[in-house]
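**Student:** Have a look at this one.
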Amino acid sequence: MRPRRWVSVLVCAAAASAAVTACGSGGASQTADGRTELTIATFNEFGYEGLFSEYEAAHPDIKITQRKTGQGGPHHQNLFTKLGAGSGLADVEAVEEGYLSQVMAKASQFNDLKEIGPKDLSTNRWLDWKTAAATTRDGKLIGYGTDIGPLAMCYRKDLFDKAGLPSDPEAVKALFATWESYFAAGEQFTARSGGVAWFDNAAQIFNAMHNQHEVGYFDKSDNLVVETNPDIRKDWDAVTSAVAKGQSAKLVAFSPEWNTGFKTGAFATKTCPSWMLGVIESQAGPENKGKWAVTDAFPDGGGNWGGSYLTVPRQGKNTTKAAELAAWLTAPEQQIKAFQAKGTFPSQVDALKSPALLEQTNPYFGDVKAGALFAAQAGKVAAAQYKGPADGQLQENVFSPALQSVEQGKNAGEAWLTAVEGAEKAAK
Amino acid sequence: MTVVLTPVDRGRAEEARPRPPRRHRLSALDTKVSPYLFVAPFFVLFAAIGLFPLLYTAYVSLFDWELGADDPAFIGVENYTTLVGDEQFWNALFNTFSIFVLSSGPQIIIAVLLAALLNANLRARTAWRMGVLLPYVASLVALTIIFGTLFGPQYGLVNEVLTAVGIGPVDWQADTFGSHLAIASMVNWRWTGYNALIVLAAMQAIPREVHEAALVDGAGALRRFFSITLPMLRPTIIFVVVTSTIGGLQIFTEPKLFDPSGGSGGGAENQYQTVVLYLYQSAFQSFDLGYASAIAWVLFLVVIVIAGLNFLLTRRLASTSSEVRR
Amino acid sequence: MTRRPSFTVYGLLAAFVLGSAFPFYWSFLVASRDNSALTGDFTLVPGGNFLRNASRVVDTIPFWKALGNSIIVSGTVTISVVLLSSLAGFAFAKLRFRGRGALLLFVIATLAVPTQLGIIPLYMAMAEFGWAGELEAVIVPNLVTAFGVFWMRQYLVDAVPDELVEAARMDGCSLWRVFWHVGLPAARPAAAMLGVFTFMQSWNDFLWPLVVLNADNPTIQVALEKLQSGYYVDYSLVLAGTTLATIPVLLVFIVLGRQIVAGIMQGAVKG
């Protein structure tokens with residue numbers, strides 16, 4: 001047989017051609033027929049699929065390509081990789097609220113939408129706190145709000161009944177008036193529940209409490225104030241003492257055991273953003289239908305968990321057109337359609353008044369008017385807390401694990417010291 | 001399954017010896033250059049693609065380089081000096097070694113034994129082989145749920161069994177040793193079959209005659225395994241030891257899957273955070289790319305040293321037994 | 001060798017395989033029922049929903065396109081890795097050249113580099129080459145692996161007798177012919193094994209293809225990930241997808257798995 005070196009030739013050729021193309025890269029963002037291609041990267045379900053063709057019909061010079069990732073984790077990993085690499089991001093990138101502080105810390109990589117967005121667009125379109133969270137200290141708007149996750153309280157009616165607590169959606173509101181009343185009710189409940197816990201895990205409660213304060217882990221000049229902010233220590237003590245009294249089911253959120261906990265009824269209450277109703281229905285299953293209820297109350301006011309923004313990274317080539325698209329998608333008319341398509345709860349003031357939203361009911365939760373209920377809860381959210389650059393990290397990698405360690409049996413005082421130390425390291 | 005080319009060819013080689021070797025120019029060139037051409041693809045590809053990331057991380061490790069930052073500050077070896085004093089790093093290194101010891105040793109021993117079983121004249125051989133390799137193809141989604149369910153501290157199946165036999169439940173998440181044990185069993189489950197097949201491929205290359213000769217000499221199955229099979233597997237065992245040392249010290253997927261929060265912290269108090277998890281957390285959660293790069297380089301050195309030691313150790317152990325053979 | 005092994009051997013193997021196969025069976029179980037199979041009463045009997053879930057998978061994501069892409073990517077990578085690794089492994093094992101030991105050590109040392117950070121510079125390189133979004137970006141970096149070279153070297157060092165190589169050289173064979181007629185046939189069992197591993201690894205690769213490929217041109221794992229969108233995951237759908245995606249891998253194993261034995265006999269005949 002003849003020596004066949006095509007393999008090595010091929011590889012050498014590949015390397016050589018690589019060297020050549022290296023000189024002239026820079027992908028064109030024009031399609032063959034001369035339209036401008038805009039890419040938009042989303043994750044989960046934004047409910048935008050039907051809207052793109054509508055936009056293309058109104059703008060014949062635009063072609064939209066959606067890059068959709070299933071879960072938030074990989075989406076944001078991709079986002080940060082390309083931020084680090086300096087290229088490859090979509091023209092419009094979705095950012096989830098939980099990752100927002102990390103993105104805000106890199107605000108210089110994103111366009112100020114006040115500058116490049118449509119001039120006639122007023123930020124009054126969104127709830128104040130939604131916009132405030134995406135506005136930098138020097139007033140730049142990094143993202144247009146898409147959806148939100150206003151918090152209400154979900155609870156097990158049957159378990160409340162058994163423990164002798166009121167279970168009617170109106171009557172339970174007194175239990176959920178303040179965190180103090182919440183933990184007091186928890187104490188009453190666990191005394192008679194026969195081992196059933198009051199809430200799923202400490203971090204879920206702590207984060208909700210923490211986010212209600214005007215000042216959180218950082219003050220407005222980005223100084224870490226974990227030790228000097230009395231609110232944080234107060235929340236910590238309240239939650240850890242509830243853990244000590246057996247109020248926590250100690251189930252890490254979104255773990256397999258947490259899912260099982262819904263099914264077996266391991267806890268009686270759940271801090272409940274709008275999207276949590278679907279989670280509960282899916283995890284608790286049809287056999288628990290009618291046991292769960294939701295009420296338009298949340299201790300000490302309101303809160304938000306989840307929801308996203310559309311940003312326009314500086315890497316993009318058609319930033320003005322991208323901002324225009326993002327502005328259009330986040331208009332109330334469009335967000336209502338997205339809500340109808342995939343149930344994303346809108347962050348726009350007008351969308352929250354839409355009949356389509358207000359009349360929505362949820363059969364699993366006893367036909368409660370869920371749309372109206374969560375719209376009311378969205379109005380109860382106080383001003384957005386100022387988030388420092390490491391805020392998301394402090395919540396996910398410092399305080400949540402520290403609280404988990406208390407649930408695993410660590411002394412709360414020691415765990416506090418670990419958390420403070422971890423916070424200092426993270427903020428460095 | 002007869003393998004042997006050796007006797008025939010050996011004869012040919014001896015026959016050829018007196019003949020004067022042909023020394024064409026072309027042949028000389030072939031002898032000189034061809035070996036380099038054979039190994040060239042790897043090095044060319046490495047130079048074209050693999051080298052840049054390596055140099056890039058080395059460069060970045062000398063900066064206070066935040067991911068996506070505009071102008072990182074040069075800080076020399078400060079990332080490395082910080083690392084030396086970083087308790088979390090030493091904790092991660094300890095965890096890595098602990099999980100590595102709990103997994104690699106048993107894994108290689110079971111892999112060799114399993115390979116011996118698979119080397120028997122089985123019915124439906126391919127099916128059995130495929131069977132042991134299945135964990136390697138299992139989807140990570142399925143693994144996360146299954147191992148989360150098995151080792152769940154509260155509703156886990158393993159704890160139910162342990163309680164039933166009177167040992168009592170173990171908090172697989174909170175307990176350092178418990179978590180290492182759980183992760184090691186995950187590692188062993190995923191990789192034993194894989195290593196067994198590697199060993200099996202090498203076992204198949206052992207000439208039948210060697211076994212048959214020993215059989216004639218009256219050597220028992222066990223004796224044949226230890227004094228024939230094992231020594232002849234020396235290069236493969238070295239391969240398995242070196243690659244599983246390298247892989248074991250870079251362990252990442254299993255401890256990440258094991259964290260129910262899906263993060264890279266490796267437990268509430270980093271009970272099972274490995275070095276690569278810490279590296280990953282530094283890069284993609286703290287965005288401290290400079291520091292993460294320093295971790296990567298230090299880990300690289302640690303892996304090289306340990307793999308080197310294991311290589312020497314294995315070679316010595318294997319060569320003493322092969323001397324016995326000869 | 002006609003003697004069949006005892007029942008003990010079969011029993012041990014069966015126990016091992018059962019443990020190994022469980023997650024697969026369980027994936028299929030959930031895929032054939034619905035989400036409640038996860039948390040509800042555990043049962044070992046599959047339900048009747050598999051085909052329905054499978055067709056939902058095919059409707060939800062660009063399944064066939066992703067499958068085609070994955071076959072192209074994994075197929076190319078596998079063929080290339082097996083050939084190039086055998087070639088280099090053969091040189092390292094059986095040929096004498098200056099710097100052999102050092103070069104081999106270098107190959108092994110590259111295995112020890114943690115890859116997790118490489119994703120950022122690698123993306124920069126691919127963007128520079130103009131390959132971002134193209135299949136080249138997932139193929140080219142994997143065309144030959146240190147693992148493969150090291151493995152083939154270790155296998156060939158004993159599997160091919162030096163005398164055989166020398167004899168072939170005496171007969172005037174070029175080194176390439178020696179490799180092709182002596183090295184490669186002898187390498188077949190190991191090459192088949194390497195092929196199986198490489199194909200599986202390439203097939204299951206997720207993060208790099210996710211980052212570097214465009215969403216409209218994904219590999220199968222990237223496409224499957226989209227099944228997990230939503231605040232709660234429909235596991236019956238997700239696991240139906242992963243079950244479907246495993247079938248090609250098992251086919252590759254069946255084809256290559258036979259080579260592990262057949263290769264030796266053919267090598268013996270040809271040699």
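In the structure tokens, chains take letters A, B, ... by order of appearance, with residues numbered from 1 within each chain and ligands from 1 in the order shown.
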Once you count only C-alpha atoms, which residues of chain B turn out to be within 6 Å of chain C? Could you give them as a PyMOL selection string?
**Tutor:** chain B and resi 3+5+9+13+35+38-39+42+53+121+126+131-132+134-135+201+235-236+246+300
**Student:** Chain A residues within 8 Å of chain B, counting only C-alpha atoms: which ones, as a ChimeraX atom specification?
**Tutor:** /A:8,11-12,15,77,80,83-86,106,109,252-257,390,393,397,400-405,408,426
**Student:** Excluding same-chain residues fewer than 3 positions from B:Gln88, what lies within 9 Å of it counting only C-alpha atoms, as a list in words?
**Tutor:**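 The neighbour list is Leu83, Gly85, Asn91, Ala92, Leu93, Asn270, Gln273 and Tyr278 of chain B.
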**Student:** Write a file of the just-selected residues containing all heavy atoms, as a compact mmCIF listing (two decimals), in the first residue's frame.
**Tutor:**
```txt
# COMPACT_ATOMS: atom_id res chain seq x y z
N LEU B 83 -2.26 32.58 47.41
CA LEU B 83 -2.72 31.20 47.35
C LEU B 83 -2.08 30.36 48.45
O LEU B 83 -2.75 29.54 49.09
CB LEU B 83 -2.39 30.62 45.98
CG LEU B 83 -3.01 29.28 45.62
CD1 LEU B 83 -4.52 29.40 45.63
CD2 LEU B 83 -2.55 28.82 44.26
N GLY B 85 -1.20 31.24 51.31
CA GLY B 85 -1.80 31.51 52.61
C GLY B 85 -3.31 31.33 52.64
O GLY B 85 -3.96 31.66 53.63
N ASN B 91 -7.65 23.52 52.10
CA ASN B 91 -8.79 22.65 52.35
C ASN B 91 -9.20 21.91 51.08
O ASN B 91 -9.44 20.70 51.09
CB ASN B 91 -9.95 23.51 52.87
CG ASN B 91 -11.25 22.73 52.96
OD1 ASN B 91 -11.32 21.74 53.65
ND2 ASN B 91 -12.26 23.18 52.23
N ALA B 92 -9.22 22.65 49.97
CA ALA B 92 -9.60 22.04 48.70
C ALA B 92 -8.58 20.97 48.29
O ALA B 92 -8.95 19.90 47.78
CB ALA B 92 -9.72 23.11 47.62
N LEU B 93 -7.31 21.26 48.54
CA LEU B 93 -6.28 20.29 48.19
C LEU B 93 -6.43 19.02 49.04
O LEU B 93 -6.35 17.90 48.53
CB LEU B 93 -4.90 20.92 48.41
CG LEU B 93 -3.72 20.26 47.71
CD1 LEU B 93 -3.92 20.27 46.21
CD2 LEU B 93 -2.42 20.96 48.07
N ASN B 270 -17.55 24.05 52.45
CA ASN B 270 -16.54 23.54 51.53
C ASN B 270 -16.06 22.14 51.93
O ASN B 270 -14.90 21.80 51.70
CB ASN B 270 -15.32 24.48 51.46
CG ASN B 270 -15.71 25.93 51.27
OD1 ASN B 270 -15.38 26.78 52.07
ND2 ASN B 270 -16.47 26.20 50.22
N GLN B 273 -15.27 20.66 48.58
CA GLN B 273 -14.81 21.50 47.47
C GLN B 273 -13.42 21.03 47.06
O GLN B 273 -12.49 21.04 47.85
CB GLN B 273 -14.76 22.97 47.87
CG GLN B 273 -14.37 23.85 46.69
CD GLN B 273 -14.39 25.33 47.02
OE1 GLN B 273 -13.84 25.76 48.01
NE2 GLN B 273 -15.07 26.11 46.19
N TYR B 278 -12.78 24.90 43.23
CA TYR B 278 -12.39 26.20 43.75
C TYR B 278 -11.92 27.10 42.61
O TYR B 278 -12.27 28.29 42.55
CB TYR B 278 -11.27 26.01 44.79
CG TYR B 278 -10.88 27.27 45.52
CD1 TYR B 278 -11.83 28.23 45.85
CD2 TYR B 278 -9.56 27.51 45.87
CE1 TYR B 278 -11.47 29.39 46.52
CE2 TYR B 278 -9.19 28.66 46.54
CZ TYR B 278 -10.15 29.60 46.85
OH TYR B 278 -9.79 30.75 47.51
```
**Student:** Counting only C-alpha atoms, which residue out of A:Ala372, A:Ala415, A:Met276, A:Ala322 sits closest to chain C?
**Tutor:**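 Using only C-alpha atoms, chain C sits closest to A:Met276.
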**Student:** Looking at only C-alpha atoms, which of A:Val312, A:Val279, A:Val368, A:Leu89 is the one that sits closest to chain C?
**Tutor:**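 Under the stated criterion, the closest residue is A:Val279.
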**Student:** Please, what distance in Å, to one decimal, runs between atom CA of B:Tyr194 and atom CA of B:Ala127?
**Tutor:**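 For atom CA of B:Tyr194 relative to atom CA of B:Ala127, the distance reads 14.4 Å.
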**Student:** Could you tell me which of A:Lys68, A:Arg35, A:His59, A:Lys250 comes closest to C:Pro218 if we count only C-alpha atoms?
**Tutor:**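 Distance minimum relative to C:Pro218 lands on A:Lys68.
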